[in-house]
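Enquirer: Coordinates in query-v1.txt, compact mmCIF, C-alpha atoms, are listed below.
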# COMPACT_ATOMS: atom_id res chain seq x y z
CA MET A 1 -16.88 -12.82 -10.66
CA ALA A 2 -18.80 -13.47 -13.87
CA PRO A 3 -16.69 -14.04 -16.98
CA HIS A 4 -15.91 -10.77 -18.72
CA LYS A 5 -13.36 -9.11 -20.96
CA LEU A 6 -10.27 -8.38 -18.86
CA CYS A 7 -9.45 -4.69 -18.63
CA MET A 8 -5.66 -4.83 -18.97
CA ILE A 9 -5.01 -1.22 -19.89
CA PRO A 10 -2.91 1.08 -17.68
CA GLY A 11 -6.06 1.95 -15.73
CA PRO A 12 -8.83 1.46 -14.91
CA ILE A 13 -7.66 -1.97 -13.82
CA GLU A 14 -9.51 -5.10 -12.76
CA PHE A 15 -11.45 -4.64 -9.51
CA HIS A 16 -11.66 -7.14 -6.66
CA GLU A 17 -15.05 -8.62 -5.86
CA ASP A 18 -14.87 -7.16 -2.35
CA VAL A 19 -14.32 -3.69 -3.79
CA LEU A 20 -17.34 -4.00 -6.07
CA ALA A 21 -19.44 -5.41 -3.23
CA ALA A 22 -18.45 -2.49 -0.99
CA MET A 23 -19.99 -0.12 -3.55
CA SER A 24 -23.30 -1.98 -3.44
CA THR A 25 -24.62 -0.15 -0.41
CA PRO A 26 -28.02 1.50 -0.03
CA ALA A 27 -28.18 5.26 -0.38
CA THR A 28 -26.14 6.62 2.52
CA SER A 29 -25.75 10.13 3.84
CA HIS A 30 -22.21 11.52 3.85
CA VAL A 31 -22.76 12.48 7.50
CA ASP A 32 -24.22 9.11 8.51
CA PRO A 33 -22.59 7.83 11.75
CA ASN A 34 -21.74 4.60 9.94
CA PHE A 35 -19.99 6.39 7.09
CA VAL A 36 -17.97 8.96 9.02
CA PRO A 37 -15.42 6.46 10.43
CA ILE A 38 -15.09 4.81 7.01
CA TYR A 39 -13.99 8.11 5.48
CA GLY A 40 -11.70 8.75 8.44
CA GLU A 41 -10.02 5.35 8.10
CA VAL A 42 -9.55 5.91 4.35
CA ILE A 43 -7.67 9.13 5.07
CA GLU A 44 -5.44 7.31 7.55
CA MET A 45 -4.79 4.36 5.25
CA VAL A 46 -3.68 6.64 2.41
CA ARG A 47 -0.76 7.61 4.67
CA LYS A 48 0.06 3.94 5.27
CA VAL A 49 0.12 3.13 1.55
CA LEU A 50 2.53 6.02 0.91
CA LEU A 51 4.58 5.29 4.05
CA SER A 52 4.02 8.59 5.80
CA GLU A 53 3.33 9.48 9.41
CA THR A 54 2.64 13.19 9.16
CA ALA A 55 1.53 14.14 5.63
CA GLN A 56 -1.96 15.43 4.92
CA PRO A 57 -4.19 13.32 2.66
CA PHE A 58 -6.92 14.73 0.46
CA VAL A 59 -9.51 12.25 -0.84
CA VAL A 60 -11.91 14.21 -3.02
CA SER A 61 -14.52 13.34 -5.65
CA GLY A 62 -13.00 13.87 -9.07
CA SER A 63 -10.62 12.37 -11.60
CA CYS A 64 -6.87 12.08 -11.10
CA THR A 65 -6.58 15.35 -13.03
CA LEU A 66 -8.16 17.13 -10.06
CA GLY A 67 -4.91 16.38 -8.22
CA TRP A 68 -3.01 18.34 -10.86
CA ASP A 69 -5.50 21.14 -10.38
CA MET A 70 -4.69 21.21 -6.67
CA MET A 71 -1.31 22.65 -7.63
CA VAL A 72 -3.24 25.93 -7.66
CA ASN A 73 -2.82 25.86 -3.87
CA LEU A 74 0.97 25.97 -4.16
CA ILE A 75 1.58 27.97 -7.33
CA GLU A 76 1.46 31.77 -7.46
CA GLN A 77 1.79 34.02 -10.48
CA GLY A 78 5.35 33.94 -11.82
CA ASP A 79 6.61 31.03 -9.71
CA GLN A 80 9.48 29.13 -11.32
CA VAL A 81 8.85 25.40 -11.75
CA LEU A 82 11.16 22.73 -13.17
CA SER A 83 9.47 19.84 -14.97
CA LEU A 84 11.23 16.52 -15.62
CA ASN A 85 9.32 15.34 -18.66
CA THR A 86 9.00 11.68 -19.70
CA GLY A 87 5.99 11.86 -21.99
CA TYR A 88 2.44 12.96 -22.72
CA PHE A 89 1.38 13.47 -19.12
CA GLY A 90 4.42 15.58 -18.36
CA ASP A 91 3.29 17.88 -21.16
CA ASN A 92 -0.23 18.10 -19.77
CA PHE A 93 0.92 18.66 -16.19
CA THR A 94 3.01 21.56 -17.46
CA ASP A 95 -0.04 22.98 -19.23
CA CYS A 96 -1.97 22.78 -15.95
CA MET A 97 0.69 24.67 -13.98
CA GLU A 98 1.08 27.33 -16.65
CA THR A 99 -2.68 27.88 -16.46
CA TYR A 100 -2.15 29.08 -12.89
CA GLY A 101 0.73 31.36 -13.73
CA ALA A 102 3.81 29.19 -13.26
CA LYS A 103 6.84 29.75 -15.47
CA VAL A 104 7.86 26.20 -16.33
CA THR A 105 11.31 25.10 -17.44
CA THR A 106 11.31 21.61 -18.95
CA LEU A 107 14.03 18.99 -18.97
CA ARG A 108 13.26 16.40 -21.63
CA ALA A 109 14.73 13.06 -22.56
CA GLU A 110 14.32 11.05 -25.74
CA VAL A 111 11.26 8.82 -25.92
CA GLY A 112 11.68 5.87 -23.58
CA SER A 113 14.25 7.54 -21.35
CA ARG A 114 14.30 10.07 -18.50
CA PRO A 115 16.25 13.27 -17.75
CA SER A 116 19.58 12.60 -16.07
CA ILE A 117 20.44 13.51 -12.49
CA ASP A 118 23.37 15.52 -13.83
CA ALA A 119 20.98 17.62 -15.92
CA LEU A 120 18.81 18.11 -12.86
CA LYS A 121 21.81 19.26 -10.78
CA GLU A 122 22.84 21.71 -13.50
CA ALA A 123 19.32 23.18 -13.64
CA LEU A 124 19.05 23.50 -9.86
CA ASN A 125 22.42 25.22 -9.61
CA ALA A 126 21.49 27.65 -12.39
CA ASN A 127 18.12 28.79 -11.05
CA LYS A 128 15.85 28.81 -7.99
CA TYR A 129 12.62 26.84 -8.34
CA LYS A 130 9.45 26.83 -6.28
CA ALA A 131 8.92 23.19 -7.23
CA VAL A 132 10.37 20.31 -9.21
CA VAL A 133 7.65 18.15 -10.74
CA LEU A 134 7.90 14.73 -12.33
CA THR A 135 5.68 11.91 -13.47
CA HIS A 136 6.59 8.74 -11.59
CA VAL A 137 5.20 6.53 -14.35
CA ASP A 138 4.19 8.26 -17.55
CA THR A 139 1.58 5.91 -18.96
CA SER A 140 2.26 7.18 -22.47
CA THR A 141 5.73 5.58 -22.45
CA GLY A 142 5.89 3.19 -19.51
CA VAL A 143 8.97 5.04 -18.25
CA LEU A 144 9.65 4.90 -14.50
CA SER A 145 11.28 7.99 -13.01
CA ASP A 146 13.78 7.60 -10.17
CA VAL A 147 11.82 9.60 -7.62
CA LYS A 148 14.17 8.77 -4.76
CA ALA A 149 17.26 10.05 -6.62
CA VAL A 150 15.43 13.15 -7.84
CA ALA A 151 14.18 14.03 -4.37
CA GLU A 152 17.61 13.48 -2.80
CA THR A 153 19.18 15.74 -5.41
CA VAL A 154 16.59 18.49 -5.05
CA LYS A 155 16.63 18.56 -1.26
CA SER A 156 20.44 18.50 -1.10
CA ILE A 157 20.76 21.55 -3.36
CA SER A 158 17.55 23.45 -2.55
CA PRO A 159 15.75 22.15 0.57
CA GLU A 160 12.93 24.68 0.25
CA THR A 161 12.05 23.53 -3.27
CA LEU A 162 8.95 21.32 -3.29
CA VAL A 163 9.19 17.85 -4.83
CA VAL A 164 5.91 17.13 -6.60
CA VAL A 165 5.19 13.64 -7.95
CA ASP A 166 2.45 12.70 -10.38
CA GLY A 167 1.84 9.24 -8.97
CA VAL A 168 -1.37 8.53 -10.87
CA CYS A 169 0.03 5.31 -12.34
CA SER A 170 2.43 4.46 -9.51
CA VAL A 171 0.65 4.67 -6.16
CA GLY A 172 -0.14 1.10 -5.16
CA SER A 173 2.22 -0.49 -7.67
CA GLU A 174 5.57 1.31 -7.35
CA GLU A 175 7.75 1.87 -4.29
CA ILE A 176 7.04 5.30 -2.78
CA ARG A 177 8.45 6.27 0.63
CA PHE A 178 6.93 9.67 1.18
CA ASP A 179 8.59 10.64 4.46
CA GLU A 180 11.93 8.92 3.94
CA TRP A 181 12.40 10.43 0.47
CA LYS A 182 11.21 13.87 1.67
CA LEU A 183 8.48 14.22 -0.93
CA ASP A 184 6.07 17.15 -0.78
CA LEU A 185 3.14 16.20 -2.96
CA VAL A 186 2.02 12.91 -4.48
CA ILE A 187 -0.97 13.06 -6.80
CA SER A 188 -2.98 9.97 -7.63
CA GLY A 189 -6.46 8.57 -8.05
CA SER A 190 -8.59 5.54 -7.42
CA GLN A 191 -8.64 3.54 -10.65
CA LYS A 192 -5.07 2.39 -11.14
CA GLY A 193 -2.82 0.77 -8.51
CA LEU A 194 -5.40 1.36 -5.77
CA GLY A 195 -7.88 -0.84 -7.64
CA VAL A 196 -11.10 1.16 -7.30
CA PRO A 197 -13.45 2.46 -10.03
CA PRO A 198 -12.66 5.96 -11.33
CA GLY A 199 -13.95 8.98 -9.48
CA LEU A 200 -11.68 9.77 -6.55
CA SER A 201 -8.68 12.10 -6.53
CA VAL A 202 -6.14 10.99 -3.92
CA VAL A 203 -3.44 13.48 -2.92
CA LEU A 204 -0.86 13.49 -0.13
CA ALA A 205 0.82 16.76 0.92
CA SER A 206 3.79 17.24 3.22
CA GLN A 207 3.68 19.67 6.10
CA GLN A 208 6.18 21.75 4.14
CA ALA A 209 3.68 21.95 1.27
CA ILE A 210 0.84 22.77 3.65
CA ASN A 211 2.96 25.58 5.12
CA VAL A 212 3.66 26.95 1.62
CA PHE A 213 -0.10 26.96 1.05
CA LYS A 214 -0.86 28.68 4.35
CA THR A 215 1.78 31.40 3.87
CA ARG A 216 1.11 32.20 0.20
CA GLN A 217 0.87 35.90 -0.68
CA SER A 218 -2.09 35.77 -3.03
CA PRO A 219 -5.53 34.14 -2.81
CA VAL A 220 -6.01 30.69 -4.31
CA ILE A 221 -7.74 31.31 -7.66
CA ALA A 222 -9.95 28.22 -7.49
CA TYR A 223 -13.06 27.14 -5.62
CA TYR A 224 -13.59 23.37 -5.69
CA SER A 225 -9.87 22.45 -5.56
CA ASN A 226 -9.05 25.00 -2.85
CA TRP A 227 -7.41 23.45 0.21
CA LYS A 228 -8.96 26.15 2.34
CA LYS A 229 -12.24 24.35 1.66
CA TRP A 230 -10.95 20.77 1.91
CA LEU A 231 -8.44 20.86 4.76
CA PRO A 232 -11.13 21.29 7.46
CA ILE A 233 -13.15 18.48 5.86
CA MET A 234 -10.23 16.04 5.92
CA GLU A 235 -9.34 16.98 9.50
CA ALA A 236 -12.95 16.58 10.63
CA TYR A 237 -13.50 13.13 9.13
CA GLU A 238 -10.16 11.89 10.44
CA SER A 239 -11.33 13.04 13.87
CA ARG A 240 -14.50 11.01 13.25
CA LYS A 241 -16.67 14.11 12.93
CA PRO A 242 -18.96 14.84 9.98
CA ALA A 243 -18.36 17.95 7.92
CA TYR A 244 -19.57 19.39 4.65
CA PHE A 245 -18.21 21.36 1.75
CA ALA A 246 -19.20 19.25 -1.27
CA THR A 247 -20.87 15.86 -1.24
CA PRO A 248 -18.29 13.05 -1.31
CA ALA A 249 -18.71 9.97 -3.51
CA VAL A 250 -19.91 7.81 -0.64
CA GLN A 251 -20.02 4.47 -2.45
CA LEU A 252 -16.57 5.02 -4.00
CA ILE A 253 -15.16 5.79 -0.57
CA TYR A 254 -16.63 2.53 0.71
CA ALA A 255 -14.91 0.81 -2.21
CA LEU A 256 -11.59 2.56 -1.53
CA HIS A 257 -11.86 1.54 2.12
CA ALA A 258 -12.20 -2.11 1.10
CA SER A 259 -9.22 -1.89 -1.25
CA LEU A 260 -6.96 -0.02 1.18
CA LYS A 261 -7.78 -2.54 3.93
CA ALA A 262 -6.56 -5.32 1.65
CA ILE A 263 -3.48 -3.41 0.50
CA THR A 264 -2.40 -2.47 4.03
CA SER A 265 -3.03 -5.96 5.41
CA GLN A 266 0.57 -6.83 4.53
CA PRO A 267 3.79 -4.79 4.44
CA MET A 268 3.97 -2.50 1.42
CA GLU A 269 7.35 -4.06 0.57
CA VAL A 270 5.54 -7.30 -0.31
CA ARG A 271 3.35 -5.45 -2.79
CA PHE A 272 6.29 -3.55 -4.29
CA ASP A 273 8.31 -6.74 -4.75
CA LYS A 274 5.42 -8.64 -6.33
CA HIS A 275 4.85 -5.90 -8.90
CA ARG A 276 8.58 -5.84 -9.70
CA GLU A 277 8.66 -9.62 -10.14
CA VAL A 278 5.58 -9.85 -12.36
CA ALA A 279 6.64 -6.84 -14.45
CA ALA A 280 10.12 -8.26 -15.05
CA ASN A 281 8.65 -11.58 -16.12
CA PHE A 282 6.15 -9.85 -18.40
CA ARG A 283 8.88 -7.82 -20.08
CA GLN A 284 10.81 -11.04 -20.65
CA SER A 285 7.71 -12.51 -22.30
CA ILE A 286 7.63 -9.46 -24.57
CA ARG A 287 11.30 -9.97 -25.47
CA ASP A 288 10.65 -13.68 -26.08
CA LEU A 289 8.14 -12.61 -28.72
CA GLY A 290 10.85 -10.56 -30.40
CA LEU A 291 9.25 -7.27 -29.39
CA LYS A 292 10.81 -4.19 -27.79
CA THR A 293 9.51 -2.05 -24.97
CA VAL A 294 9.30 1.72 -25.33
CA ALA A 295 11.20 2.11 -22.05
CA GLN A 296 14.86 1.77 -22.98
CA CYS A 297 16.21 0.08 -19.85
CA GLU A 298 15.11 -2.23 -17.06
CA GLU A 299 15.67 0.34 -14.31
CA CYS A 300 13.54 2.91 -16.17
CA SER A 301 10.71 0.45 -16.88
CA ALA A 302 7.47 0.77 -14.92
CA ASN A 303 6.25 -2.13 -12.82
CA GLY A 304 2.53 -1.49 -13.27
CA MET A 305 2.38 -1.22 -17.06
CA THR A 306 4.42 -1.75 -20.20
CA ALA A 307 4.45 0.10 -23.52
CA VAL A 308 5.56 -2.01 -26.50
CA TRP A 309 6.58 -1.04 -30.02
CA LEU A 310 4.45 -2.68 -32.69
CA PRO A 311 6.25 -5.11 -34.97
CA GLU A 312 6.43 -4.24 -38.65
CA GLY A 313 3.26 -5.12 -40.50
CA VAL A 314 0.95 -5.02 -37.46
CA GLU A 315 -1.28 -2.03 -36.76
CA ILE A 316 -3.24 -0.89 -33.71
CA PRO A 317 -6.66 -1.18 -35.45
CA GLN A 318 -5.81 -4.84 -36.03
CA LEU A 319 -4.16 -5.78 -32.75
CA VAL A 320 -6.56 -4.21 -30.23
CA PRO A 321 -9.69 -5.90 -31.66
CA ALA A 322 -7.81 -9.18 -32.03
CA LEU A 323 -7.04 -9.29 -28.31
CA ALA A 324 -10.54 -8.06 -27.46
CA SER A 325 -11.97 -11.03 -29.34
CA LYS A 326 -9.96 -13.23 -26.99
CA GLY A 327 -11.28 -11.49 -23.88
CA VAL A 328 -8.46 -9.02 -23.27
CA GLN A 329 -8.66 -5.24 -23.58
CA ILE A 330 -5.37 -3.43 -24.23
CA ALA A 331 -4.65 0.19 -25.17
CA GLY A 332 -3.01 1.88 -28.12
CA GLY A 333 -0.38 4.58 -27.83
CA ILE A 334 -1.03 8.26 -27.09
CA LEU A 335 2.29 10.02 -27.75
CA SER A 336 1.91 12.73 -30.36
CA GLY A 337 3.32 11.52 -33.68
CA LEU A 338 3.89 7.99 -32.37
CA ALA A 339 0.44 6.96 -31.15
CA GLY A 340 -0.06 4.38 -33.89
CA LYS A 341 3.34 2.76 -33.44
CA TYR A 342 3.00 1.08 -30.05
CA PHE A 343 0.53 -0.45 -27.60
CA ARG A 344 0.20 -0.47 -23.83
CA ILE A 345 -0.70 -3.15 -21.30
CA GLY A 346 -1.39 -2.72 -17.59
CA HIS A 347 -0.28 -5.21 -14.95
CA MET A 348 -1.15 -4.03 -11.47
CA GLY A 349 -3.47 -4.71 -8.57
CA ILE A 350 -5.18 -8.09 -8.30
CA SER A 351 -3.87 -9.13 -11.71
CA VAL A 352 -0.45 -9.15 -10.02
CA THR A 353 -1.11 -9.92 -6.35
CA GLU A 354 -3.49 -12.81 -7.07
CA PRO A 355 -1.73 -14.84 -9.79
CA GLU A 356 -4.27 -17.64 -9.43
CA ARG A 357 -6.65 -15.46 -11.46
CA GLY A 358 -4.41 -16.08 -14.48
CA HIS A 359 -4.74 -12.56 -15.87
CA ILE A 360 -1.13 -12.08 -16.94
CA ALA A 361 -0.89 -15.53 -18.51
CA LYS A 362 -4.10 -14.85 -20.45
CA VAL A 363 -2.68 -11.57 -21.76
CA VAL A 364 0.53 -13.23 -22.96
CA GLN A 365 -1.40 -16.04 -24.62
CA ALA A 366 -3.87 -13.68 -26.30
CA LEU A 367 -1.06 -11.41 -27.49
CA THR A 368 0.94 -14.34 -28.88
CA GLU A 369 -2.04 -15.81 -30.70
CA SER A 370 -3.17 -12.43 -32.04
CA LEU A 371 0.25 -11.58 -33.44
CA ASN A 372 0.46 -14.98 -35.11
CA GLU A 373 -2.97 -14.53 -36.65
CA LEU A 374 -1.89 -11.14 -37.99
CA GLY A 375 1.08 -12.72 -39.75
CA TYR A 376 3.84 -11.79 -37.30
CA LYS A 377 6.52 -14.40 -36.67
CA ALA A 378 9.03 -13.87 -33.87
Could you render the structure as structure tokens?
Expert:
Amino acid sequence: MAPHKLCMIPGPIEFHEDVLAAMSTPATSHVDPNFVPIYGEVIEMVRKVLLSETAQPFVVSGSCTLGWDMMVNLIEQGDQVLSLNTGYFGDNFTDCMETYGAKVTTLRAEVGSRPSIDALKEALNANKYKAVVLTHVDTSTGVLSDVKAVAETVKSISPETLVVVDGVCSVGSEEIRFDEWKLDLVISGSQKGLGVPPGLSVVLASQQAINVFKTRQSPVIAYYSNWKKWLPIMEAYESRKPAYFATPAVQLIYALHASLKAITSQPMEVRFDKHREVAANFRQSIRDLGLKTVAQCEECSANGMTAVWLPEGVEIPQLVPALASKGVQIAGGILSGLAGKYFRIGHMGISVTEPERGHIAKVVQALTESLNELGYKA
């Protein structure tokens, strides 16, 4: 790949050459006999990445936010939803569900932490919820939610309650065992841990969630995100038959196919472990610089990104351009009231699985040099 500024934000991430090459196809019909099996295999491989045998994937043109919008298929007016909030995206997900009539109760934790399991138990015992929703990795804080513990708690107290995971910044970089953990919906997209340019919404729904959709009492108040439209399309392509509702992003699906083939070429455990190892080492590099992460503990720290408090005397308008001048793009903060006090760095995909590229080492070096140039001394 030609030299370029590394995109080391929490997504989009760096793309593999094979992924970019897969997009460089001639104009291709979405019902072309050569494309139909590609789309079908993508649907099947989404299950493999999320370790599911029976869940229903949806791979649809749109941003990750389209996955949030697909909650319209499960939510009816007045439904009670419990949100475990760990940052900015928890707030926005709540806004999305309230748009469709949900009555949302929120459990919050202080910045850098996550709601406790005891608080979750208390809430579940006090009220009946249609769904419990959580952000696996809130990219505003770098906090990692304990999805396994949350799901176990929910299903032990209220088996019919749906467990909904915003996995936008976790699918492909964090451990997710869809069937084993009894999850009901995982929402993601192409441009983060899956390593594909933005433009595809990737969602996985349990059969329990599909049944809730099929037995709902009121019509789905959406058109494009309506599963009634998309379920036959997904089933057709997986059966290697063309179908049409809305034109898919053909070249992006070719790219996702290339990425998923690489990801599923080895056990997912290998990928999970590598992201844990690189993230732990990166956080140690941050501590060695005398800096502190926004996430307050190791077990609640994401493995695909890190949010870091700025040291005194250094500001975002100084630090971001300084790293950019050294060939590294990082991101500022986005939490309301705190956006200018921290920065964020992504470490997922090929930057992690192919260490010979030297991406992480370049980030650490550029960050160290930039801080020194800005007058910071560890």
Enquirer: Go through A:His16, A:Lys5, A:Arg357, A:Lys377 and flag the residue nearest A:Ala262, using all atoms listed in the file for the distances.
Expert: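 Of A:His16, A:Lys5, A:Arg357, A:Lys377, the one nearest A:Ala262 is A:His16, counting all atoms listed in the file.
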Enquirer: Pick from A:Gly78, A:Gly313, A:Gly167, A:Gly358: nearest to A:Val133, with only C-alpha atoms counted?
Expert: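 Under the stated criterion, the closest residue is A:Gly167.
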Enquirer: Find the residues with any atom within 12 Å of (19.4, 25.8, -10.9); use only C-alpha atoms and the coordinates as given in the file, and write the answer as an mmCIF file with C-alpha atoms, keeping the file's coordinate frame.
Expert:
data_model
loop_
_atom_site.group_PDB
_atom_site.id
_atom_site.type_symbol
_atom_site.label_atom_id
_atom_site.label_comp_id
_atom_site.auth_asym_id
_atom_site.auth_seq_id
_atom_site.Cartn_x
_atom_site.Cartn_y
_atom_site.Cartn_z
ATOM 1 C CA GLN A 80 9.480 29.130 -11.320
ATOM 2 C CA VAL A 81 8.850 25.400 -11.750
ATOM 3 C CA LEU A 82 11.160 22.730 -13.170
ATOM 4 C CA THR A 105 11.310 25.100 -17.440
ATOM 5 C CA LEU A 107 14.030 18.990 -18.970
ATOM 6 C CA ASP A 118 23.370 15.520 -13.830
ATOM 7 C CA ALA A 119 20.980 17.620 -15.920
ATOM 8 C CA LEU A 120 18.810 18.110 -12.860
ATOM 9 C CA LYS A 121 21.810 19.260 -10.780
ATOM 10 C CA GLU A 122 22.840 21.710 -13.500
ATOM 11 C CA ALA A 123 19.320 23.180 -13.640
ATOM 12 C CA LEU A 124 19.050 23.500 -9.860
ATOM 13 C CA ASN A 125 22.420 25.220 -9.610
ATOM 14 C CA ALA A 126 21.490 27.650 -12.390
ATOM 15 C CA ASN A 127 18.120 28.790 -11.050
ATOM 16 C CA LYS A 128 15.850 28.810 -7.990
ATOM 17 C CA TYR A 129 12.620 26.840 -8.340
ATOM 18 C CA LYS A 130 9.450 26.830 -6.280
ATOM 19 C CA ALA A 131 8.920 23.190 -7.230
ATOM 20 C CA VAL A 132 10.370 20.310 -9.210
ATOM 21 C CA THR A 153 19.180 15.740 -5.410
ATOM 22 C CA VAL A 154 16.590 18.490 -5.050
ATOM 23 C CA ILE A 157 20.760 21.550 -3.360
ATOM 24 C CA SER A 158 17.550 23.450 -2.550
ATOM 25 C CA THR A 161 12.050 23.530 -3.270
#
Enquirer: Which of these, A:Gln56, A:Asn34, A:Ser285, A:Ser29, has the shortest distance to A:Pro232 once you count only C-alpha atoms?
Expert: A:Gln56
Enquirer: Looking at all atoms listed in the file, which of A:Lys48, A:Lys148, A:Lys326, A:Lys192 is the one that sits closest to A:Cys64?
Expert: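 Using all atoms listed in the file, the shortest distance to A:Cys64 belongs to A:Lys192.
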Enquirer: Since the input lacks some atoms of stretch 154-161 of chain A, please model all heavy atoms and print them as a short mmCIF file (atom, residue, chain, number, x, y, z; two decimals), in the coordinates of the input.
Expert:
data_model
loop_
_atom_site.label_atom_id
_atom_site.label_comp_id
_atom_site.auth_asym_id
_atom_site.auth_seq_id
_atom_site.Cartn_x
_atom_site.Cartn_y
_atom_site.Cartn_z
N VAL A 154 17.26 17.21 -5.26
CA VAL A 154 16.59 18.49 -5.05
C VAL A 154 16.80 18.99 -3.63
O VAL A 154 17.20 20.15 -3.41
CB VAL A 154 15.08 18.37 -5.35
CG1 VAL A 154 14.36 19.66 -4.95
CG2 VAL A 154 14.85 18.07 -6.83
N LYS A 155 16.56 18.12 -2.66
CA LYS A 155 16.63 18.56 -1.26
C LYS A 155 18.06 18.85 -0.82
O LYS A 155 18.28 19.66 0.09
CB LYS A 155 15.99 17.51 -0.36
CG LYS A 155 14.48 17.35 -0.58
CD LYS A 155 13.70 18.63 -0.32
CE LYS A 155 12.21 18.43 -0.44
NZ LYS A 155 11.43 19.65 -0.18
N SER A 156 19.05 18.23 -1.47
CA SER A 156 20.44 18.50 -1.10
C SER A 156 20.92 19.86 -1.62
O SER A 156 21.75 20.51 -1.01
CB SER A 156 21.36 17.40 -1.63
OG SER A 156 21.41 17.42 -3.06
N ILE A 157 20.35 20.29 -2.75
CA ILE A 157 20.76 21.55 -3.36
C ILE A 157 19.84 22.70 -2.93
O ILE A 157 20.30 23.82 -2.68
CB ILE A 157 20.78 21.42 -4.90
CG1 ILE A 157 21.86 20.42 -5.33
CG2 ILE A 157 21.03 22.78 -5.56
CD1 ILE A 157 21.86 20.09 -6.80
N SER A 158 18.54 22.41 -2.84
CA SER A 158 17.55 23.45 -2.55
C SER A 158 16.45 22.89 -1.66
O SER A 158 15.37 22.53 -2.14
CB SER A 158 16.96 23.99 -3.86
OG SER A 158 16.02 25.00 -3.62
N PRO A 159 16.70 22.80 -0.34
CA PRO A 159 15.75 22.15 0.57
C PRO A 159 14.35 22.74 0.55
O PRO A 159 13.37 22.04 0.83
CB PRO A 159 16.41 22.34 1.94
CG PRO A 159 17.84 22.57 1.66
CD PRO A 159 17.90 23.29 0.35
N GLU A 160 14.25 24.04 0.24
CA GLU A 160 12.93 24.68 0.25
C GLU A 160 12.12 24.40 -1.01
O GLU A 160 10.92 24.67 -1.06
CB GLU A 160 13.07 26.20 0.45
CG GLU A 160 13.82 26.92 -0.64
CD GLU A 160 15.33 26.89 -0.47
OE1 GLU A 160 15.85 26.05 0.29
OE2 GLU A 160 16.00 27.73 -1.11
N THR A 161 12.76 23.87 -2.04
CA THR A 161 12.05 23.53 -3.27
C THR A 161 11.15 22.31 -3.03
O THR A 161 11.59 21.30 -2.48
CB THR A 161 13.04 23.24 -4.41
OG1 THR A 161 13.79 24.43 -4.68
CG2 THR A 161 12.32 22.80 -5.67
#
